[in-house]
file coords-v7.csv (CSV, C-alpha atoms)
chain,number,residue,atom,x,y,z
A,7,MET,CA,-72.1,-89.2,64.1
A,8,LYS,CA,-70.8,-89.0,60.5
A,9,GLN,CA,-70.8,-85.5,59.0
A,10,MET,CA,-69.9,-84.8,55.4
A,11,PRO,CA,-67.5,-81.8,54.9
A,12,ALA,CA,-68.6,-78.6,53.2
A,13,GLU,CA,-66.7,-79.5,50.1
A,14,TYR,CA,-68.9,-82.6,49.6
A,15,TYR,CA,-71.9,-80.3,49.2
A,16,GLN,CA,-70.0,-77.9,47.0
A,17,LEU,CA,-69.0,-80.6,44.6
A,18,MET,CA,-72.5,-82.1,44.7
A,19,GLU,CA,-74.0,-78.7,43.8
A,20,GLN,CA,-71.5,-78.2,41.0
A,21,LEU,CA,-72.4,-81.6,39.6
A,22,GLN,CA,-76.1,-80.8,39.9
A,23,ALA,CA,-75.7,-77.5,38.1
A,24,VAL,CA,-73.7,-79.1,35.3
A,25,ASP,CA,-76.2,-81.9,35.0
A,26,PHE,CA,-79.0,-79.4,34.7
A,27,VAL,CA,-77.1,-77.5,31.9
A,28,LEU,CA,-76.6,-80.9,30.1
A,29,VAL,CA,-80.3,-81.7,30.3
A,30,GLU,CA,-81.3,-78.2,29.0
A,31,LEU,CA,-78.8,-78.5,26.1
A,32,THR,CA,-79.9,-82.0,25.3
A,33,LEU,CA,-83.5,-80.9,24.9
A,34,TYR,CA,-82.4,-77.8,23.0
A,35,LEU,CA,-80.2,-79.9,20.6
A,36,ASP,CA,-83.0,-82.3,20.0
A,37,THR,CA,-84.7,-79.6,18.0
A,38,HIS,CA,-81.7,-77.6,16.9
A,39,ASP,CA,-79.3,-80.3,15.6
A,40,ASP,CA,-77.3,-77.9,13.4
A,41,ASP,CA,-76.4,-75.5,16.2
A,42,LEU,CA,-72.6,-75.8,16.3
A,43,GLU,CA,-72.2,-73.4,19.3
A,44,ALA,CA,-74.6,-75.5,21.4
A,45,VAL,CA,-72.9,-78.7,20.5
A,46,LYS,CA,-69.5,-77.3,21.4
A,47,GLN,CA,-71.0,-76.1,24.7
A,48,PHE,CA,-72.5,-79.5,25.3
A,49,ASN,CA,-69.2,-81.3,24.9
A,50,HIS,CA,-67.5,-78.7,27.1
A,51,TYR,CA,-69.9,-79.5,29.9
A,52,VAL,CA,-69.6,-83.3,29.3
A,53,LYS,CA,-65.9,-82.9,29.9
A,54,GLU,CA,-66.6,-80.7,32.9
A,55,ARG,CA,-69.0,-83.3,34.4
A,56,LYS,CA,-66.4,-86.0,34.0
A,57,ARG,CA,-63.9,-83.8,35.9
A,58,ILE,CA,-66.3,-83.1,38.7
A,59,LYS,CA,-67.3,-86.8,38.9
A,60,LYS,CA,-63.7,-87.9,39.1
A,61,ALA,CA,-63.0,-85.3,41.8
A,62,PHE,CA,-66.0,-86.3,43.8
A,63,GLU,CA,-65.6,-90.0,43.6
A,64,SER,CA,-61.9,-89.9,44.5
A,65,GLN,CA,-62.9,-88.5,47.8
A,66,TYR,CA,-66.4,-89.7,48.6
A,67,GLY,CA,-66.8,-93.0,46.9
A,68,PRO,CA,-68.9,-94.0,43.9
A,69,LEU,CA,-71.9,-92.0,42.7
A,70,GLN,CA,-73.6,-94.7,40.7
A,71,GLN,CA,-73.5,-98.5,40.5
A,72,PHE,CA,-73.6,-101.3,38.0
A,73,GLY,CA,-70.4,-100.1,36.2
A,74,ASN,CA,-71.2,-96.4,36.1
A,75,SER,CA,-68.5,-95.7,38.7
A,76,TYR,CA,-65.3,-97.3,39.8
A,77,SER,CA,-65.4,-98.9,43.2
A,78,ASP,CA,-63.2,-98.3,46.2
A,79,PHE,CA,-61.8,-101.0,48.4
A,80,PRO,CA,-63.6,-102.3,50.5
A,81,TRP,CA,-66.8,-102.3,48.6
A,82,ASN,CA,-68.6,-99.2,49.9
A,83,TRP,CA,-71.3,-98.0,47.4
A,84,ASN,CA,-74.0,-98.8,50.0
A,85,ASP,CA,-72.4,-96.6,52.8
A,86,SER,CA,-74.3,-93.6,54.1
A,87,PRO,CA,-75.2,-90.9,53.2
A,88,TRP,CA,-77.7,-92.2,50.7
A,89,PRO,CA,-79.1,-89.5,48.3
A,90,TRP,CA,-82.1,-88.8,50.5
A,91,GLN,CA,-80.0,-88.5,53.6
A,92,VAL,CA,-77.5,-86.0,52.2
B,5,MET,CA,-88.5,-59.6,30.5
B,6,SER,CA,-91.6,-59.1,32.6
B,7,THR,CA,-94.1,-61.9,32.8
B,8,HIS,CA,-97.1,-61.2,30.6
B,9,LEU,CA,-100.1,-60.8,33.0
B,10,LYS,CA,-103.5,-61.6,31.5
B,11,THR,CA,-106.9,-60.9,33.0
B,12,TYR,CA,-110.4,-62.4,32.8
B,13,HIS,CA,-113.7,-61.6,34.3
B,14,PRO,CA,-115.5,-64.5,36.0
B,15,TYR,CA,-119.3,-64.6,35.9
B,16,VAL,CA,-120.9,-63.3,39.1
B,17,SER,CA,-124.2,-65.0,40.0
B,18,PRO,CA,-126.9,-63.1,41.9
B,19,PHE,CA,-127.0,-66.0,44.4
B,20,ASP,CA,-123.3,-65.8,45.1
B,21,PRO,CA,-122.9,-65.6,48.9
B,22,CYS,CA,-119.4,-64.1,48.9
B,23,LYS,CA,-118.2,-60.8,47.7
B,24,PRO,CA,-117.7,-61.3,43.9
B,25,ILE,CA,-114.2,-61.2,42.4
B,26,LEU,CA,-114.7,-59.1,39.3
B,27,GLU,CA,-111.3,-59.5,37.7
B,28,LYS,CA,-108.8,-62.4,38.0
B,29,LYS,CA,-105.2,-62.2,36.8
B,30,TYR,CA,-102.9,-65.0,35.6
B,31,SER,CA,-99.3,-64.9,34.4
B,32,THR,CA,-98.3,-66.5,31.1
B,33,PRO,CA,-94.8,-67.8,30.5
B,34,PRO,CA,-92.5,-66.2,27.9
B,35,HIS,CA,-92.4,-69.5,25.9
B,36,LEU,CA,-95.8,-68.6,24.4
B,37,TYR,CA,-94.4,-65.5,22.8
B,38,MET,CA,-91.2,-67.0,21.3
B,39,GLY,CA,-92.1,-69.7,18.9
B,40,PHE,CA,-89.1,-71.6,17.6
B,41,GLN,CA,-86.2,-70.8,19.9
B,42,PRO,CA,-83.5,-68.8,18.0
B,43,PRO,CA,-79.8,-69.9,18.5
B,44,ASN,CA,-77.3,-68.2,20.8
B,45,LEU,CA,-79.7,-66.7,23.3
B,46,PRO,CA,-78.0,-65.1,26.4
B,47,GLN,CA,-77.6,-67.8,29.1
B,48,PHE,CA,-77.3,-68.0,32.9
B,49,THR,CA,-74.3,-69.5,34.6
B,50,PRO,CA,-74.8,-73.2,35.6
B,51,VAL,CA,-75.5,-72.4,39.2
B,52,GLU,CA,-77.8,-69.5,38.4
B,53,ALA,CA,-79.6,-71.7,35.8
B,54,LEU,CA,-80.2,-74.3,38.5
B,55,LYS,CA,-82.0,-71.7,40.6
B,56,ALA,CA,-83.8,-70.0,37.7
B,57,GLY,CA,-85.1,-73.3,36.3
B,58,THR,CA,-83.9,-72.5,32.8
B,59,LEU,CA,-80.6,-72.1,31.0
B,60,TRP,CA,-81.7,-69.1,28.8
B,61,LYS,CA,-82.4,-65.7,30.3
B,62,ASP,CA,-85.3,-65.0,27.9
B,63,PHE,CA,-87.2,-68.0,29.3
B,64,TYR,CA,-86.9,-67.0,32.9
B,65,ASP,CA,-90.3,-66.5,34.5
B,66,THR,CA,-90.6,-65.4,38.1
B,67,TRP,CA,-94.1,-66.8,38.0
B,68,TYR,CA,-95.3,-64.7,41.0
B,69,SER,CA,-99.0,-64.7,41.7
B,70,PRO,CA,-100.2,-61.1,41.4
B,71,TYR,CA,-101.8,-61.4,44.8
B,72,GLU,CA,-98.6,-62.4,46.5
B,73,LYS,CA,-96.5,-59.5,47.7
B,74,PRO,CA,-93.0,-59.6,46.1
B,75,ASN,CA,-90.8,-60.9,48.9
B,76,ARG,CA,-87.9,-61.9,46.7
B,77,GLY,CA,-85.8,-59.4,44.6
B,78,GLY,CA,-86.1,-59.4,40.9
B,79,HIS,CA,-89.9,-59.6,41.0
B,80,GLN,CA,-91.4,-58.4,37.7
B,81,SER,CA,-95.1,-59.0,37.3
call {"tool": "encode", "arguments": {"input": "coords-v7.csv", "output": "structure tokens"}}
result
Amino acid sequence: MKQMPAEYYQLMEQLQAVDFVLVELTLYLDTHDDDLEAVKQFNHYVKERKRIKKAFESQYGPLQQFGNSYSDFPWNWNDSPWPWQV
Amino acid sequence: MSTHLKTYHPYVSPFDPCKPILEKKYSTPPHLYMGFQPPNLPQFTPVEALKAGTLWKDFYDTWYSPYEKPNRGGHQS
């Protein structure tokens, strides 16, 4: 029975938290386009998300498909766990 | 930071079979009282923001029903 290690869930939660911050900041910046602090924070979290994504994908395979993630060899984006199985 | 609780008084009909509820309370979110969001509001950390449902502390609303006994900490009604 394939079990994902604890780190898998920690990285996933970090990614989820950073994604949420990015969503909030995007909505905020839609109406506050001259807020330099928020734009700086947004770019900081974009960089952070790329770092987390790189760390996650190097260990657990691609997160998204159709060119949004590099692929491992052999082709394994359809391996379990799927998002609803996590 | 407390949620703004508002009350209203439902109409009670003489033919009402059950015990009438004289006053009903509902909580209103902080967004109503803020208007255009000022910049540089205090924020949660990302993980906290995920749990709180918002990035900015001023918008956090525990949204507890007044009839529900406060089981979680930080309950301000």
call {"tool": "closest_residue", "arguments": {"input": "coords-v7.csv", "among": "B:Lys23, B:Lys55, B:Lys29, B:Lys10", "to": "chain A", "atoms": "all atoms listed in the file"}}
result
B:Lys55
call {"tool": "interface_residues", "arguments": {"input": "coords-v7.csv", "of": "chain A", "to": "chain B", "cutoff": "7 Å", "atoms": "only C-alpha atoms", "output": "ChimeraX atom specification"}}
result
/A:23-24,26-27,30,41
call {"tool": "atom_distance", "arguments": {"input": "coords-v7.csv", "atom1": "CA of Trp83 (chain A)", "atom2": "CA of Pro68 (chain A)"}}
result
5.8 Å
call {"tool": "atom_distance", "arguments": {"input": "coords-v7.csv", "atom1": "CA of His50 (chain A)", "atom2": "CA of Leu31 (chain A)"}}
result
11.3 Å
call {"tool": "closest_residue", "arguments": {"input": "coords-v7.csv", "among": "A:Trp88, A:Tyr14, A:Phe48, A:Tyr34", "to": "Tyr66 (chain A)", "atoms": "all atoms listed in the file"}}
result
A:Tyr14
call {"tool": "closest_residue", "arguments": {"input": "coords-v7.csv", "among": "A:Lys59, A:Phe79, A:His38, A:Tyr51", "to": "Met18 (chain A)", "atoms": "only C-alpha atoms"}}
result
A:Lys59
call {"tool": "atom_distance", "arguments": {"input": "coords-v7.csv", "atom1": "CA of Thr32 (chain A)", "atom2": "CA of Gln47 (chain A)"}}
result
10.7 Å
call {"tool": "axis_aligned_box", "arguments": {"input": "coords-v7.csv", "around": "region 21-32 of chain B", "padding_each_side": "3 Å", "output": "AutoDock Vina command-line options"}}
result
--center_x -110.6 --center_y -62.8 --center_z 40.0 --size_x 30.6 --size_y 13.4 --size_z 23.8
call {"tool": "residues_around", "arguments": {"input": "coords-v7.csv", "residues": "Glu27 (chain B)", "least_positions_apart": "3", "cutoff": "9 Å", "atoms": "all atoms listed in the file", "output": "PyMOL selection string"}}
result
chain B and resi 11-14
